[in-house]
Amino acid sequence: MSPRAAWRLESLGFTRVYDYAGGKTDWAGSGYPVEGTHADIPSPGSLARPSTTCTLGERVGDVAQRLEKEDANACIVTTEDGIVLGRLRKKHLSDDEDRTVEEAMEPGPTTVRYDEALTGLVKRMQGAGVASIVVTEPSGKLIGEMHRSDAEALLEQVKSFAHNHDH
Amino acid sequence: MQTVAKEEVRSLIDEGATMIEVLPEEEYSQQHISGAINIPLKELTEDKVSTFDRSRPVVLYCHDFL
């Protein structure tokens, strides 16, 4: 739709016309500011915390040091462009520090899109006993990790806010 | 017309670009990029943009690639 609008503007004499193909889905999913009546409904993308990341060719020993330094339990393995490839958990770091991340990682971790409905997601995480989940853009690019406890606390706040305004 | 990614959109906003959402009014009012105005595609007429500075950058968007 927006390319058609862009051509239309050019035909009306505008000289600097740009089509933002990713649109508001891409924008909101990246955590950039939005406005509107639905702008404040929380989503996994808005709750995601930055992750510790590493790439396939790195030494496991180097990653272990980084995890220690950042007090993190896992490292998300990505391409240079940030596309999620795997996860390397602290507990899976072996004695062989010279192995590469590619050899040691668990490939293809479960991910969710930044705009997935939060309530249903939290229920599924509770059912599966999952404490955190990797959140990505539609392209598979890492946004961060959403901790279930953050989502539960937020949903509780939303619930009590709605309750107080009903009475 | 040039297709741009979000990083370029941010630079264009810093430069004073006009952001236009071309979706229907109801969808715009639910959620839109901060600072964007709404001109649904069907209403994008010469009259509607007659007061705009034609040399200033204009960024158009809808939902996503679809």
# chains A, B, ... in the order shown; residues from 1 in each chain; ligands from 1
call {"tool": "interface_residues", "arguments": {"of": "chain A", "to": "chain B", "cutoff": "10 Å", "atoms": "only C-alpha atoms", "output": "ChimeraX atom specification"}}
result
/A:1-28,30,32-40
call {"tool": "write_last_selection", "arguments": {"atoms": "N, CA and C atoms", "output": "short mmCIF file (atom, residue, chain, number, x, y, z; two decimals), in the first residue's frame"}}
result
data_model
loop_
_atom_site.label_atom_id
_atom_site.label_comp_id
_atom_site.auth_asym_id
_atom_site.auth_seq_id
_atom_site.Cartn_x
_atom_site.Cartn_y
_atom_site.Cartn_z
N MET A 1 0.82 -1.21 0.00
CA MET A 1 0.00 0.00 0.00
C MET A 1 0.86 1.27 0.00
N SER A 2 1.91 1.30 0.86
CA SER A 2 2.70 2.53 0.94
C SER A 2 3.51 2.83 -0.33
N PRO A 3 3.97 1.81 -1.11
CA PRO A 3 4.65 2.16 -2.36
C PRO A 3 3.72 2.92 -3.31
N ARG A 4 2.44 2.52 -3.35
CA ARG A 4 1.48 3.21 -4.22
C ARG A 4 1.35 4.67 -3.79
N ALA A 5 1.28 4.88 -2.48
CA ALA A 5 1.15 6.24 -1.95
C ALA A 5 2.40 7.05 -2.29
N ALA A 6 3.56 6.38 -2.23
CA ALA A 6 4.81 7.08 -2.54
C ALA A 6 4.85 7.53 -4.00
N TRP A 7 4.45 6.64 -4.90
CA TRP A 7 4.40 7.01 -6.33
C TRP A 7 3.43 8.17 -6.54
N ARG A 8 2.33 8.11 -5.82
CA ARG A 8 1.32 9.16 -5.95
C ARG A 8 1.91 10.52 -5.57
N LEU A 9 2.63 10.55 -4.45
CA LEU A 9 3.22 11.82 -4.00
C LEU A 9 4.25 12.33 -5.01
N GLU A 10 5.03 11.40 -5.55
CA GLU A 10 6.02 11.83 -6.56
C GLU A 10 5.33 12.45 -7.77
N SER A 11 4.20 11.85 -8.12
CA SER A 11 3.47 12.40 -9.28
C SER A 11 2.89 13.78 -8.97
N LEU A 12 2.79 14.09 -7.68
CA LEU A 12 2.29 15.41 -7.28
C LEU A 12 3.43 16.42 -7.08
N GLY A 13 4.64 16.02 -7.42
CA GLY A 13 5.74 16.97 -7.40
C GLY A 13 6.65 16.91 -6.17
N PHE A 14 6.44 15.92 -5.31
CA PHE A 14 7.34 15.78 -4.15
C PHE A 14 8.65 15.14 -4.63
N THR A 15 9.77 15.68 -4.15
CA THR A 15 11.06 15.23 -4.69
C THR A 15 11.79 14.25 -3.77
N ARG A 16 11.45 14.24 -2.47
CA ARG A 16 12.15 13.33 -1.56
C ARG A 16 11.11 12.43 -0.87
N VAL A 17 10.71 11.38 -1.57
CA VAL A 17 9.67 10.48 -1.07
C VAL A 17 10.29 9.12 -0.73
N TYR A 18 10.02 8.64 0.49
CA TYR A 18 10.60 7.38 0.95
C TYR A 18 9.49 6.43 1.40
N ASP A 19 9.67 5.17 1.05
CA ASP A 19 8.72 4.14 1.48
C ASP A 19 9.37 3.32 2.59
N TYR A 20 8.79 3.37 3.79
CA TYR A 20 9.31 2.57 4.91
C TYR A 20 8.57 1.23 4.85
N ALA A 21 9.21 0.26 4.16
CA ALA A 21 8.53 -1.01 3.88
C ALA A 21 8.22 -1.81 5.15
N GLY A 22 9.06 -1.72 6.16
CA GLY A 22 8.83 -2.47 7.39
C GLY A 22 7.59 -1.99 8.14
N GLY A 23 7.25 -0.72 7.94
CA GLY A 23 6.02 -0.17 8.52
C GLY A 23 5.98 -0.15 10.04
N LYS A 24 4.77 0.06 10.57
CA LYS A 24 4.69 0.23 12.02
C LYS A 24 4.93 -1.06 12.79
N THR A 25 4.75 -2.22 12.10
CA THR A 25 5.06 -3.49 12.76
C THR A 25 6.55 -3.56 13.10
N ASP A 26 7.35 -3.21 12.14
CA ASP A 26 8.81 -3.23 12.32
C ASP A 26 9.23 -2.18 13.36
N TRP A 27 8.61 -1.02 13.28
CA TRP A 27 8.96 0.10 14.17
C TRP A 27 8.66 -0.25 15.63
N ALA A 28 7.42 -0.66 15.87
CA ALA A 28 7.01 -0.97 17.24
C ALA A 28 7.79 -2.16 17.78
N SER A 30 10.74 -2.92 17.21
CA SER A 30 12.10 -2.53 17.54
C SER A 30 12.14 -1.68 18.81
N TYR A 32 10.76 1.26 19.19
CA TYR A 32 10.74 2.70 18.93
C TYR A 32 9.37 3.27 19.32
N PRO A 33 9.31 4.58 19.59
CA PRO A 33 8.08 5.15 20.15
C PRO A 33 6.87 5.13 19.22
N VAL A 34 5.75 4.73 19.80
CA VAL A 34 4.46 4.74 19.10
C VAL A 34 3.43 5.45 19.98
N GLU A 35 2.36 5.89 19.35
CA GLU A 35 1.27 6.55 20.07
C GLU A 35 -0.03 5.88 19.65
N GLY A 36 -1.09 6.14 20.40
CA GLY A 36 -2.41 5.62 20.03
C GLY A 36 -3.08 4.87 21.17
N THR A 37 -4.33 4.53 20.97
CA THR A 37 -5.11 3.91 22.05
C THR A 37 -4.58 2.53 22.43
N HIS A 38 -3.93 1.83 21.50
CA HIS A 38 -3.40 0.49 21.79
C HIS A 38 -1.88 0.49 22.01
N ALA A 39 -1.32 1.67 22.07
CA ALA A 39 0.14 1.74 22.12
C ALA A 39 0.73 1.18 23.42
N ASP A 40 -0.07 1.20 24.50
CA ASP A 40 0.48 0.79 25.79
C ASP A 40 0.23 -0.67 26.14
#
call {"tool": "select_by_dssp", "arguments": {"residues": "chain B", "states": "alpha helix (DSSP H)", "output": "PyMOL selection string"}}
result
chain B and resi 6-14+25-30
call {"tool": "residues_around", "arguments": {"residues": "range 143-153 of chain A", "least_positions_apart": "3", "cutoff": "10 Å", "atoms": "only C-alpha atoms", "output": "VMD selection string"}}
result
chain A and resid 29 to 31 42 to 53 76 82 to 84 111 to 114 118 to 119 121 to 123 125 to 126 129 to 137 140 156 to 159
call {"tool": "write_last_selection", "arguments": {"atoms": "N, CA and C atoms", "output": "CSV table (one decimal), in the first residue's frame"}}
result
chain,number,residue,atom,x,y,z
A,29,GLY,N,8.1,-3.1,16.9
A,29,GLY,CA,8.8,-4.3,17.3
A,29,GLY,C,10.2,-4.0,17.7
A,30,SER,N,10.7,-2.9,17.2
A,30,SER,CA,12.1,-2.5,17.5
A,30,SER,C,12.1,-1.7,18.8
A,31,GLY,N,11.0,-1.5,19.4
A,31,GLY,CA,10.9,-0.7,20.6
A,31,GLY,C,10.9,0.8,20.4
A,42,PRO,N,1.1,-4.1,26.6
A,42,PRO,CA,2.5,-4.7,26.5
A,42,PRO,C,2.6,-5.8,25.6
A,43,SER,N,3.8,-6.0,25.0
A,43,SER,CA,4.1,-7.1,24.1
A,43,SER,C,5.5,-7.7,24.5
A,44,PRO,N,5.8,-8.9,24.1
A,44,PRO,CA,7.1,-9.4,24.5
A,44,PRO,C,8.2,-8.5,24.0
A,45,GLY,N,8.0,-7.8,22.9
A,45,GLY,CA,9.1,-7.0,22.4
A,45,GLY,C,9.4,-5.8,23.4
A,46,SER,N,8.3,-5.3,24.0
A,46,SER,CA,8.6,-4.2,24.9
A,46,SER,C,9.1,-4.6,26.3
A,47,LEU,N,9.0,-5.9,26.5
A,47,LEU,CA,9.5,-6.4,27.8
A,47,LEU,C,10.9,-7.1,27.7
A,48,ALA,N,11.4,-7.3,26.5
A,48,ALA,CA,12.6,-8.0,26.3
A,48,ALA,C,13.8,-7.3,26.9
A,49,ARG,N,14.6,-8.0,27.6
A,49,ARG,CA,15.9,-7.4,28.1
A,49,ARG,C,17.0,-7.7,27.2
A,50,PRO,N,18.0,-6.9,27.1
A,50,PRO,CA,19.1,-7.2,26.2
A,50,PRO,C,19.8,-8.5,26.5
A,51,SER,N,20.2,-9.2,25.5
A,51,SER,CA,20.9,-10.5,25.8
A,51,SER,C,22.4,-10.4,25.6
A,52,THR,N,23.1,-11.3,26.3
A,52,THR,CA,24.5,-11.5,26.0
A,52,THR,C,24.5,-12.3,24.6
A,53,THR,N,25.3,-11.8,23.7
A,53,THR,CA,25.4,-12.5,22.4
A,53,THR,C,26.8,-13.0,22.0
A,76,ILE,N,23.1,-15.8,23.6
A,76,ILE,CA,22.4,-16.1,22.3
A,76,ILE,C,23.3,-16.0,21.2
A,82,GLY,N,22.7,-10.3,13.5
A,82,GLY,CA,21.8,-10.4,14.7
A,82,GLY,C,20.7,-11.5,14.5
A,83,ILE,N,20.8,-12.3,13.5
A,83,ILE,CA,19.8,-13.3,13.3
A,83,ILE,C,20.1,-14.5,14.3
A,84,VAL,N,19.1,-14.9,15.0
A,84,VAL,CA,19.3,-16.0,16.0
A,84,VAL,C,19.6,-17.3,15.4
A,111,THR,N,11.8,-19.4,19.7
A,111,THR,CA,11.7,-17.9,19.8
A,111,THR,C,10.2,-17.5,19.6
A,112,VAL,N,9.9,-16.3,20.0
A,112,VAL,CA,8.6,-15.8,19.8
A,112,VAL,C,8.8,-14.4,19.2
A,113,ARG,N,7.7,-14.1,18.4
A,113,ARG,CA,7.7,-12.7,17.8
A,113,ARG,C,7.4,-11.7,18.8
A,114,TYR,N,8.0,-10.5,18.6
A,114,TYR,CA,7.9,-9.4,19.6
A,114,TYR,C,6.4,-9.0,19.8
A,118,LEU,N,0.7,-11.4,24.9
A,118,LEU,CA,1.4,-11.7,26.1
A,118,LEU,C,0.7,-12.7,27.0
A,119,THR,N,-0.6,-12.6,27.2
A,119,THR,CA,-1.3,-13.4,28.1
A,119,THR,C,-1.2,-14.9,27.8
A,121,LEU,N,1.1,-16.3,25.9
A,121,LEU,CA,2.5,-16.7,25.9
A,121,LEU,C,2.9,-17.0,27.4
A,122,VAL,N,2.5,-16.2,28.3
A,122,VAL,CA,2.9,-16.4,29.7
A,122,VAL,C,2.3,-17.7,30.2
A,123,LYS,N,1.0,-18.0,29.8
A,123,LYS,CA,0.4,-19.3,30.2
A,123,LYS,C,1.2,-20.5,29.7
A,125,MET,N,4.3,-20.5,28.9
A,125,MET,CA,5.6,-20.6,29.5
A,125,MET,C,5.4,-21.2,30.9
A,126,GLN,N,4.4,-20.8,31.6
A,126,GLN,CA,4.1,-21.4,32.9
A,126,GLN,C,3.9,-22.9,32.8
A,129,GLY,N,7.1,-24.6,32.2
A,129,GLY,CA,8.1,-24.3,33.2
A,129,GLY,C,9.3,-23.6,32.6
A,130,VAL,N,9.0,-22.7,31.7
A,130,VAL,CA,10.1,-21.9,31.0
A,130,VAL,C,10.2,-20.6,31.7
A,131,ALA,N,11.4,-20.2,32.1
A,131,ALA,CA,11.6,-18.9,32.8
A,131,ALA,C,11.9,-17.7,31.9
A,132,SER,N,12.4,-18.0,30.7
A,132,SER,CA,12.7,-16.9,29.8
A,132,SER,C,12.6,-17.4,28.4
A,133,ILE,N,12.4,-16.5,27.4
A,133,ILE,CA,12.3,-16.9,26.0
A,133,ILE,C,12.9,-15.8,25.1
A,134,VAL,N,13.4,-16.3,24.0
A,134,VAL,CA,14.1,-15.4,23.1
A,134,VAL,C,13.0,-14.7,22.2
A,135,VAL,N,13.1,-13.3,22.1
A,135,VAL,CA,12.2,-12.6,21.3
A,135,VAL,C,12.9,-12.0,20.1
A,136,THR,N,12.2,-12.2,18.9
A,136,THR,CA,12.8,-11.7,17.7
A,136,THR,C,11.9,-10.8,16.9
A,137,GLU,N,12.5,-10.1,15.9
A,137,GLU,CA,11.7,-9.4,14.9
A,137,GLU,C,11.2,-10.5,13.9
A,140,GLY,N,13.7,-12.6,12.2
A,140,GLY,CA,14.5,-13.6,13.0
A,140,GLY,C,15.6,-12.8,13.7
A,156,GLU,N,0.0,-8.5,36.1
A,156,GLU,CA,-0.7,-8.3,37.4
A,156,GLU,C,-1.0,-6.8,37.6
A,157,GLN,N,0.0,-5.9,37.2
A,157,GLN,CA,-0.3,-4.5,37.3
A,157,GLN,C,-1.4,-4.0,36.4
A,158,VAL,N,-1.4,-4.5,35.2
A,158,VAL,CA,-2.5,-4.2,34.2
A,158,VAL,C,-3.9,-4.6,34.8
A,159,LYS,N,-3.9,-5.8,35.4
A,159,LYS,CA,-5.1,-6.4,36.0
A,159,LYS,C,-5.6,-5.5,37.2
call {"tool": "atom_distance", "arguments": {"atom1": "CA of Lys90 in chain A", "atom2": "CA of Leu56 in chain A"}}
result
15.9 Å
call {"tool": "atom_distance", "arguments": {"atom1": "CA of Pro109 in chain A", "atom2": "CA of Gly61 in chain A"}}
result
21.3 Å
call {"tool": "decode", "arguments": {"residues": "range 50-62 of chain B", "atoms": "all heavy atoms", "output": "tab-separated table (two decimals), in the first residue's frame"}}
result
chain	number	residue	atom	x	y	z
B	50	SER	N	-1.66	20.09	-0.43
B	50	SER	CA	-1.35	21.36	-1.10
B	50	SER	C	-0.49	22.30	-0.25
B	50	SER	O	0.27	23.10	-0.77
B	50	SER	CB	-2.65	22.07	-1.51
B	50	SER	OG	-3.41	22.32	-0.35
B	51	THR	N	-0.58	22.16	1.09
B	51	THR	CA	0.18	23.07	1.95
B	51	THR	C	1.56	22.51	2.32
B	51	THR	O	2.33	23.15	3.02
B	51	THR	CB	-0.60	23.34	3.25
B	51	THR	OG1	-0.84	22.08	3.89
B	51	THR	CG2	-1.92	24.05	2.98
B	52	PHE	N	1.85	21.28	1.90
B	52	PHE	CA	3.12	20.65	2.28
B	52	PHE	C	4.29	21.25	1.49
B	52	PHE	O	4.14	21.59	0.32
B	52	PHE	CB	3.09	19.15	2.00
B	52	PHE	CG	2.21	18.36	2.93
B	52	PHE	CD1	1.05	18.88	3.45
B	52	PHE	CD2	2.54	17.06	3.27
B	52	PHE	CE1	0.23	18.15	4.30
B	52	PHE	CE2	1.74	16.31	4.10
B	52	PHE	CZ	0.58	16.85	4.61
B	53	ASP	N	5.45	21.32	2.16
B	53	ASP	CA	6.68	21.73	1.49
B	53	ASP	C	7.20	20.55	0.66
B	53	ASP	O	7.61	19.53	1.21
B	53	ASP	CB	7.70	22.14	2.56
B	53	ASP	CG	9.05	22.52	1.96
B	53	ASP	OD1	9.23	22.33	0.74
B	53	ASP	OD2	9.91	22.98	2.72
B	54	ARG	N	7.18	20.66	-0.66
B	54	ARG	CA	7.48	19.54	-1.52
B	54	ARG	C	8.98	19.17	-1.57
B	54	ARG	O	9.36	18.14	-2.11
B	54	ARG	CB	6.96	19.80	-2.94
B	54	ARG	CG	5.48	19.49	-3.00
B	54	ARG	CD	4.76	20.15	-4.15
B	54	ARG	NE	3.38	20.39	-3.72
B	54	ARG	CZ	2.31	19.82	-4.26
B	54	ARG	NH1	2.43	19.02	-5.25
B	54	ARG	NH2	1.11	20.08	-3.78
B	55	SER	N	9.83	20.01	-1.00
B	55	SER	CA	11.26	19.67	-1.00
B	55	SER	C	11.66	18.95	0.30
B	55	SER	O	12.76	18.45	0.41
B	55	SER	CB	12.09	20.95	-1.16
B	55	SER	OG	11.87	21.80	-0.06
B	56	ARG	N	10.76	18.92	1.26
B	56	ARG	CA	11.08	18.24	2.53
B	56	ARG	C	10.86	16.74	2.39
B	56	ARG	O	9.97	16.30	1.67
B	56	ARG	CB	10.13	18.74	3.63
B	56	ARG	CG	10.83	19.53	4.72
B	56	ARG	CD	9.86	20.11	5.71
B	56	ARG	NE	9.38	19.12	6.66
B	56	ARG	CZ	8.54	19.42	7.65
B	56	ARG	NH1	8.11	20.65	7.81
B	56	ARG	NH2	8.15	18.49	8.49
B	57	PRO	N	11.69	15.92	3.09
B	57	PRO	CA	11.49	14.47	2.96
B	57	PRO	C	10.13	14.03	3.52
B	57	PRO	O	9.67	14.57	4.53
B	57	PRO	CB	12.63	13.87	3.77
B	57	PRO	CG	13.19	14.96	4.60
B	57	PRO	CD	12.83	16.26	3.94
B	58	VAL	N	9.53	13.09	2.84
B	58	VAL	CA	8.26	12.51	3.29
B	58	VAL	C	8.45	11.00	3.37
B	58	VAL	O	8.93	10.38	2.41
B	58	VAL	CB	7.11	12.79	2.29
B	58	VAL	CG1	5.81	12.19	2.81
B	58	VAL	CG2	6.95	14.28	2.08
B	59	VAL	N	8.11	10.41	4.52
B	59	VAL	CA	8.21	8.96	4.67
B	59	VAL	C	6.81	8.39	4.80
B	59	VAL	O	6.03	8.82	5.65
B	59	VAL	CB	9.04	8.57	5.92
B	59	VAL	CG1	9.13	7.05	6.06
B	59	VAL	CG2	10.42	9.19	5.88
B	60	LEU	N	6.49	7.43	3.93
B	60	LEU	CA	5.17	6.79	3.97
B	60	LEU	C	5.30	5.38	4.52
B	60	LEU	O	6.30	4.70	4.27
B	60	LEU	CB	4.60	6.72	2.56
B	60	LEU	CG	4.36	8.09	1.96
B	60	LEU	CD1	4.92	8.16	0.58
B	60	LEU	CD2	2.90	8.45	1.99
B	61	TYR	N	4.29	4.95	5.26
B	61	TYR	CA	4.34	3.57	5.76
B	61	TYR	C	2.92	3.06	5.97
B	61	TYR	O	1.97	3.83	6.07
B	61	TYR	CB	5.15	3.49	7.05
B	61	TYR	CG	4.45	4.10	8.25
B	61	TYR	CD1	3.62	3.33	9.05
B	61	TYR	CD2	4.59	5.45	8.55
B	61	TYR	CE1	2.96	3.88	10.15
B	61	TYR	CE2	3.93	6.02	9.63
B	61	TYR	CZ	3.12	5.23	10.43
B	61	TYR	OH	2.45	5.78	11.49
B	62	CYS	N	2.83	1.70	6.05
B	62	CYS	CA	1.57	1.07	6.47
B	62	CYS	C	1.93	0.04	7.55
B	62	CYS	O	2.74	0.34	8.41
B	62	CYS	CB	0.79	0.51	5.29
B	62	CYS	SG	1.72	-0.45	4.10
